[in-house]
file query.cif (mmCIF, C-alpha atoms)
data_target
#
loop_
_atom_site.label_atom_id
_atom_site.label_comp_id
_atom_site.auth_asym_id
_atom_site.auth_seq_id
_atom_site.Cartn_x
_atom_site.Cartn_y
_atom_site.Cartn_z
CA MET A 29 -5.86 22.42 -66.52
CA ARG A 30 -7.55 21.83 -63.16
CA ARG A 31 -6.63 18.14 -63.35
CA LEU A 32 -2.95 19.14 -63.38
CA ILE A 33 -3.35 20.81 -59.97
CA PRO A 34 -3.61 18.37 -57.03
CA GLN A 35 -7.00 18.47 -55.35
CA GLY A 36 -7.14 20.98 -52.51
CA LEU A 37 -3.68 22.47 -53.16
CA TRP A 38 -4.79 26.02 -53.85
CA ALA A 39 -7.47 25.98 -51.15
CA LEU A 40 -4.90 25.04 -48.51
CA THR A 41 -2.33 27.46 -49.93
CA ASN A 42 -4.78 30.34 -49.96
CA ARG A 43 -5.77 29.55 -46.37
CA ASP A 44 -2.16 30.15 -45.26
CA LEU A 45 -1.82 33.24 -47.43
CA LYS A 46 -4.95 34.78 -45.89
CA LYS A 47 -3.13 34.95 -42.56
CA TRP A 48 -0.65 37.18 -44.36
CA TYR A 49 -2.57 39.46 -46.71
CA LYS A 50 -5.58 39.90 -44.42
CA VAL A 51 -3.36 40.98 -41.52
CA PRO A 52 -0.89 43.49 -43.04
CA PHE A 53 0.66 44.12 -39.62
CA ILE A 54 2.27 40.66 -39.67
CA PHE A 55 3.73 41.34 -43.11
CA ILE A 56 5.10 44.73 -42.03
CA VAL A 57 6.67 43.28 -38.88
CA SER A 58 8.40 40.57 -40.95
CA LEU A 59 10.18 43.33 -42.89
CA ILE A 60 11.51 45.10 -39.81
CA GLN A 61 14.46 42.76 -39.20
CA PRO A 62 15.98 42.97 -42.72
CA LEU A 63 15.29 46.72 -42.77
CA VAL A 64 17.17 47.11 -39.47
CA TRP A 65 20.09 45.13 -40.87
CA LEU A 66 20.15 47.32 -43.97
CA ALA A 67 19.61 50.72 -42.36
CA LEU A 68 21.73 50.19 -39.25
CA PHE A 69 24.27 47.44 -39.80
CA GLY A 70 24.71 48.05 -43.55
CA LYS A 71 25.18 51.79 -43.18
CA ALA A 72 27.16 51.56 -39.94
CA MET A 73 29.68 49.19 -41.53
CA ASN A 74 31.13 51.98 -43.68
CA ILE A 75 34.20 49.97 -44.63
CA SER A 76 35.10 52.23 -47.53
CA GLY A 77 35.18 55.15 -45.05
CA LEU A 78 38.13 53.52 -43.26
CA PHE A 79 40.40 54.55 -46.09
CA ASN A 80 39.74 58.21 -45.30
CA SER A 81 41.96 57.77 -42.23
CA VAL A 82 44.99 57.15 -44.44
CA THR A 83 47.33 60.12 -44.17
CA GLY A 84 50.27 61.24 -46.22
CA LEU A 85 48.56 60.63 -49.58
CA PRO A 86 46.39 62.90 -51.74
CA LYS A 87 42.67 62.46 -51.06
CA GLU A 88 42.01 61.53 -54.68
CA MET A 89 44.62 58.78 -54.51
CA VAL A 90 43.15 57.50 -51.22
CA ASN A 91 39.67 57.35 -52.74
CA GLN A 92 40.93 55.51 -55.80
CA LEU A 93 42.89 53.06 -53.64
CA GLY A 94 39.86 52.43 -51.43
CA LYS A 95 37.66 51.83 -54.45
CA GLN A 96 40.08 49.31 -55.92
CA ILE A 97 40.35 47.42 -52.61
CA MET A 98 36.55 47.34 -52.23
CA LEU A 99 36.12 46.05 -55.79
CA SER A 100 38.72 43.31 -55.32
CA THR A 101 37.30 42.30 -51.92
CA PHE A 102 33.53 42.65 -52.28
CA GLY A 103 33.07 42.91 -56.04
CA THR A 104 31.39 46.31 -55.62
CA SER A 105 32.52 49.78 -54.61
CA ASP A 106 30.53 49.86 -51.35
CA TYR A 107 29.79 47.30 -48.66
CA PHE A 108 26.15 48.35 -48.35
CA SER A 109 25.36 47.06 -51.86
CA PHE A 110 27.17 43.79 -51.08
CA LEU A 111 25.15 43.30 -47.89
CA ALA A 112 21.85 44.45 -49.42
CA VAL A 113 21.93 41.73 -52.08
CA GLY A 114 22.88 39.18 -49.43
CA MET A 115 19.84 40.25 -47.40
CA LEU A 116 17.59 38.96 -50.19
CA SER A 117 18.76 35.43 -49.39
CA PHE A 118 18.59 36.14 -45.66
CA ILE A 119 14.94 37.22 -45.74
CA SER A 120 14.18 34.16 -47.86
CA LEU A 121 15.79 31.87 -45.28
CA PHE A 122 14.07 33.64 -42.37
CA THR A 123 10.62 33.32 -43.98
CA ALA A 124 11.19 29.69 -45.00
CA MET A 125 12.06 28.78 -41.43
CA PHE A 126 8.54 29.65 -40.29
CA SER A 127 6.90 27.37 -42.86
CA GLY A 128 6.85 24.44 -40.46
CA MET A 129 5.17 26.39 -37.67
CA SER A 130 1.89 26.38 -39.59
CA ILE A 131 1.70 22.57 -39.49
CA VAL A 132 2.45 22.56 -35.76
CA TRP A 133 -0.42 24.97 -35.05
CA ASP A 134 -2.78 23.16 -37.44
CA ARG A 135 -2.12 19.97 -35.49
CA ARG A 136 -2.64 21.63 -32.11
CA LEU A 137 -5.84 23.40 -33.18
CA GLY A 138 -7.35 20.29 -34.76
CA PHE A 139 -7.42 21.60 -38.33
CA LEU A 140 -4.91 18.99 -39.49
CA ASP A 141 -7.20 16.17 -38.34
CA LYS A 142 -10.02 17.63 -40.45
CA VAL A 143 -7.81 17.86 -43.54
CA LEU A 144 -6.56 14.29 -43.08
CA SER A 145 -10.17 13.07 -43.05
CA THR A 146 -10.82 14.57 -46.51
CA PRO A 147 -9.91 13.08 -49.92
CA VAL A 148 -6.94 15.50 -50.15
CA ALA A 149 -3.70 13.57 -50.62
CA ARG A 150 -1.29 13.81 -47.70
CA GLY A 151 1.48 15.05 -49.99
CA VAL A 152 -0.66 18.08 -50.84
CA ILE A 153 -0.54 19.33 -47.24
CA PRO A 154 3.21 20.08 -47.14
CA MET A 155 3.10 21.26 -50.76
CA ALA A 156 0.52 23.91 -49.81
CA LYS A 157 2.64 25.10 -46.88
CA ILE A 158 5.70 25.30 -49.10
CA LEU A 159 3.89 27.09 -51.93
CA ALA A 160 2.46 29.70 -49.54
CA THR A 161 5.93 30.27 -48.09
CA VAL A 162 7.46 30.69 -51.56
CA ILE A 163 4.88 33.32 -52.55
CA ARG A 164 5.27 35.21 -49.29
CA ALA A 165 9.08 35.12 -49.27
CA LEU A 166 9.43 36.26 -52.88
CA ALA A 167 7.13 39.21 -52.22
CA GLN A 168 9.16 40.15 -49.15
CA ALA A 169 12.44 39.85 -51.07
CA ALA A 170 11.09 42.16 -53.79
CA ILE A 171 10.16 44.78 -51.18
CA VAL A 172 13.55 44.47 -49.45
CA LEU A 173 15.26 45.01 -52.81
CA MET A 174 13.25 48.18 -53.42
CA LEU A 175 14.04 49.44 -49.92
CA ALA A 176 17.73 48.73 -50.47
CA ILE A 177 17.74 50.74 -53.69
CA ILE A 178 16.03 53.64 -51.89
CA LEU A 179 18.68 53.48 -49.14
CA GLY A 180 21.51 53.72 -51.65
CA MET A 181 22.25 50.31 -53.14
CA ASP A 182 24.02 50.42 -56.49
CA SER A 183 21.29 49.79 -59.08
CA SER A 184 23.23 50.73 -62.22
CA HIS A 185 23.66 47.11 -63.30
CA ILE A 186 20.10 45.88 -62.65
CA THR A 187 18.31 44.57 -65.75
CA PRO A 188 15.00 42.72 -66.27
CA PHE A 189 16.92 39.54 -67.15
CA GLY A 190 19.08 39.94 -64.05
CA LEU A 191 15.98 40.24 -61.89
CA ILE A 192 14.50 37.09 -63.44
CA VAL A 193 17.66 35.07 -62.76
CA THR A 194 17.97 36.48 -59.23
CA PHE A 195 14.41 35.62 -58.27
CA THR A 196 14.74 32.20 -59.89
CA ALA A 197 17.67 31.51 -57.56
CA LEU A 198 15.67 32.84 -54.60
CA PHE A 199 12.69 30.69 -55.60
CA LEU A 200 14.83 27.54 -55.55
CA LEU A 201 16.43 28.55 -52.24
CA ILE A 202 13.05 29.14 -50.59
CA LEU A 203 11.63 25.94 -52.04
CA GLY A 204 14.47 23.92 -50.57
CA PHE A 205 14.53 25.46 -47.09
CA ALA A 206 10.73 25.57 -46.81
CA SER A 207 10.64 21.86 -47.67
CA LEU A 208 13.29 21.20 -45.02
CA PHE A 209 11.48 22.97 -42.20
CA VAL A 210 8.07 21.61 -43.16
CA THR A 211 9.59 18.11 -43.10
CA LEU A 212 11.05 18.75 -39.65
CA ALA A 213 7.60 19.77 -38.42
CA LEU A 214 5.63 16.78 -39.75
CA ARG A 215 5.61 14.94 -36.42
CA SER A 216 6.03 17.91 -34.12
CA THR A 217 3.28 18.85 -31.66
CA SER A 218 5.21 21.51 -29.78
CA TRP A 219 5.85 24.99 -31.17
CA GLU A 220 8.61 25.38 -28.57
CA SER A 221 10.65 22.56 -30.12
CA GLN A 222 10.11 23.99 -33.59
CA MET A 223 11.27 27.43 -32.44
CA ALA A 224 14.31 25.84 -30.78
CA ILE A 225 15.27 24.20 -34.09
CA MET A 226 14.84 27.51 -35.92
CA ASN A 227 16.94 29.42 -33.39
CA LEU A 228 19.60 26.71 -33.49
CA LEU A 229 19.95 26.77 -37.29
CA ASN A 230 19.20 30.41 -38.12
CA LEU A 231 22.49 32.19 -37.46
CA PRO A 232 24.83 29.24 -38.24
CA ILE A 233 23.28 28.91 -41.70
CA LEU A 234 23.50 32.67 -42.27
CA PHE A 235 27.05 33.22 -41.02
CA SER A 236 28.40 30.12 -42.78
CA SER A 237 27.48 31.70 -46.12
CA ASN A 238 28.72 34.64 -48.16
CA ALA A 239 25.59 36.71 -47.43
CA MET A 240 27.59 39.10 -45.24
CA PHE A 241 31.24 38.45 -46.09
CA PRO A 242 33.23 36.95 -49.00
CA ILE A 243 34.14 33.30 -48.64
CA SER A 244 37.78 33.86 -49.58
CA TYR A 245 38.33 35.92 -46.39
CA MET A 246 36.77 33.38 -44.05
CA PRO A 247 38.83 30.98 -41.89
CA GLU A 248 40.05 27.95 -43.82
CA TRP A 249 37.91 25.53 -41.81
CA LEU A 250 34.76 27.55 -42.60
CA GLN A 251 35.31 27.98 -46.34
CA PRO A 252 34.31 24.41 -47.37
CA ILE A 253 31.09 24.74 -45.35
CA ALA A 254 30.29 28.07 -46.97
CA ARG A 255 30.90 26.61 -50.43
CA ILE A 256 28.18 23.98 -49.97
CA ASN A 257 25.74 26.35 -48.27
CA PRO A 258 22.80 27.02 -50.65
CA ILE A 259 22.62 30.62 -49.45
CA SER A 260 26.13 31.19 -50.82
CA TYR A 261 24.97 30.15 -54.29
CA SER A 262 21.82 32.25 -54.16
CA ALA A 263 23.69 35.34 -52.96
CA ASP A 264 26.50 34.75 -55.45
CA ILE A 265 24.11 34.51 -58.42
CA SER A 266 22.22 37.59 -57.21
CA ARG A 267 25.41 39.65 -56.96
CA GLN A 268 26.55 38.58 -60.41
CA PHE A 269 23.32 39.79 -62.00
CA LEU A 270 22.42 42.76 -59.78
CA LEU A 271 25.89 44.20 -59.07
CA ASN A 272 27.89 42.74 -61.97
CA SER A 273 30.27 41.23 -59.40
CA PRO A 274 32.58 38.28 -60.15
CA GLY A 275 31.11 35.01 -58.95
CA MET A 276 32.51 31.93 -57.25
CA VAL A 277 30.81 29.66 -59.80
CA ASP A 278 29.17 29.91 -63.20
CA PRO A 279 25.50 30.95 -62.78
CA ILE A 280 24.32 27.85 -64.67
CA LEU A 281 26.19 25.58 -62.25
CA GLY A 282 24.87 27.62 -59.32
CA LEU A 283 21.28 27.27 -60.51
CA ALA A 284 21.83 23.55 -61.09
CA TYR A 285 23.08 23.20 -57.50
CA LEU A 286 20.06 25.07 -56.14
CA THR A 287 17.69 23.03 -58.32
CA THR A 288 19.15 19.80 -56.95
CA PHE A 289 18.88 21.15 -53.40
CA ALA A 290 15.24 22.18 -53.87
CA ILE A 291 14.04 19.05 -55.67
CA THR A 292 15.78 16.71 -53.21
CA LEU A 293 14.24 18.30 -50.12
CA LEU A 294 10.82 18.78 -51.73
CA THR A 295 10.72 15.11 -52.72
CA LEU A 296 11.86 14.07 -49.25
CA GLY A 297 9.14 16.18 -47.62
CA ILE A 298 6.37 14.74 -49.80
CA VAL A 299 7.54 11.14 -49.34
CA LEU A 300 7.84 11.51 -45.56
CA SER A 301 4.42 13.17 -45.37
CA TRP A 302 2.82 9.98 -46.68
CA ARG A 303 4.60 7.99 -43.99
CA TYR A 304 4.56 10.25 -40.94
CA LEU A 305 1.70 12.71 -41.39
CA SER A 306 -1.14 11.20 -39.43
CA LYS A 307 -3.90 12.19 -37.04
#
call {"tool": "encode", "arguments": {"input": "query.cif", "output": "structure tokens"}}
result
Amino acid sequence: MRRLIPQGLWALTNRDLKKWYKVPFIFIVSLIQPLVWLALFGKAMNISGLFNSVTGLPKEMVNQLGKQIMLSTFGTSDYFSFLAVGMLSFISLFTAMFSGMSIVWDRRLGFLDKVLSTPVARGVIPMAKILATVIRALAQAAIVLMLAIILGMDSSHITPFGLIVTFTALFLLILGFASLFVTLALRSTSWESQMAIMNLLNLPILFSSNAMFPISYMPEWLQPIARINPISYSADISRQFLLNSPGMVDPILGLAYLTTFAITLLTLGIVLSWRYLSK
């Protein structure tokens, strides 16, 4: 069994994880942003409450009309549940973006030079960073889901199988984006440039997906971009299995798309590490 695991993979992975589980403050701080989005933005955007301003109709009829419009627009009776499931993909993206920073600091502090002088294969170095990011991001997504349920997310359709499919989609999403940002950091020596790349891509990737709003209501020029955005597929699959919402694609096709995305970028990162990762 040990021969199936590349030499040094777990040692390097555990080294990155120690920065996380031995300093709980960092983990707690990483949850603040999605919690703020859920508690403030998600609750403040009480879209279903807008229908209460309709006058001239019985309150029961207004409530029924509002519910039908919400179901046809968001696939669920309240916007908070729609956003909460989208936040699972958002926290995964946010965590994956920081995967490359570890390589930048290892290079600056001299640790990377020490690793490169050992028998550990160069491809193992980005694999360890990616694996640590996947473990950390999945744990954070699980906590965000529990917090969302506590805050009022619709949990009536959640099943063990649905959770397995949802976290499979999140796993593939994290694997792909972590591979991308680790690859971008292979030759970087400046954390400022890495942060600039993250800040440049963060919000465009998020807002060009269906994490916060349905694709069908986006501008026509943005819809094709959203339909190829991996976050859209991850969020779509999650909503199908956690909220029983209609999806834009069949879950099998969505998982196949995410698998292709993840494998392509992971392979690219490992191949480029052999060529560009040097002392």
call {"tool": "closest_residue", "arguments": {"input": "query.cif", "among": "A:Ser58, A:Thr41, A:Thr187, A:Ser260", "to": "Ala169 in chain A", "atoms": "only C-alpha atoms"}}
result
A:Ser58
call {"tool": "closest_residue", "arguments": {"input": "query.cif", "among": "A:Val299, A:Met98, A:Leu45, A:Leu191", "to": "Leu173 in chain A", "atoms": "only C-alpha atoms"}}
result
A:Leu191
call {"tool": "closest_atom_pairs", "arguments": {"input": "query.cif", "of": "range 185-256 of chain A", "to": "range 138-161 of chain A", "cutoff": "8 Å", "atoms": "all atoms listed in the file", "output": "JSON lines"}}
result
{"residue": "A:Ile202", "atom": "CA", "partner": "A:Thr161", "partner_atom": "CA", "distance": 7.6}
{"residue": "A:Leu203", "atom": "CA", "partner": "A:Ile158", "partner_atom": "CA", "distance": 6.6}
{"residue": "A:Ala206", "atom": "CA", "partner": "A:Ile158", "partner_atom": "CA", "distance": 5.5}
{"residue": "A:Ser207", "atom": "CA", "partner": "A:Ile158", "partner_atom": "CA", "distance": 6.2}
{"residue": "A:Val210", "atom": "CA", "partner": "A:Pro154", "partner_atom": "CA", "distance": 6.5}
{"residue": "A:Thr211", "atom": "CA", "partner": "A:Pro154", "partner_atom": "CA", "distance": 7.8}
call {"tool": "closest_residue", "arguments": {"input": "query.cif", "among": "A:Gly114, A:Gly204, A:Gly36, A:Pro188", "to": "Leu296 in chain A", "atoms": "only C-alpha atoms"}}
result
A:Gly204
call {"tool": "closest_residue", "arguments": {"input": "query.cif", "among": "A:Leu121, A:Leu59, A:Leu305, A:Ala263", "to": "Pro242 in chain A", "atoms": "all atoms listed in the file"}}
result
A:Ala263
call {"tool": "atom_distance", "arguments": {"input": "query.cif", "atom1": "CA of Leu229 in chain A", "atom2": "CA of Ser301 in chain A"}}
result
22.2 Å
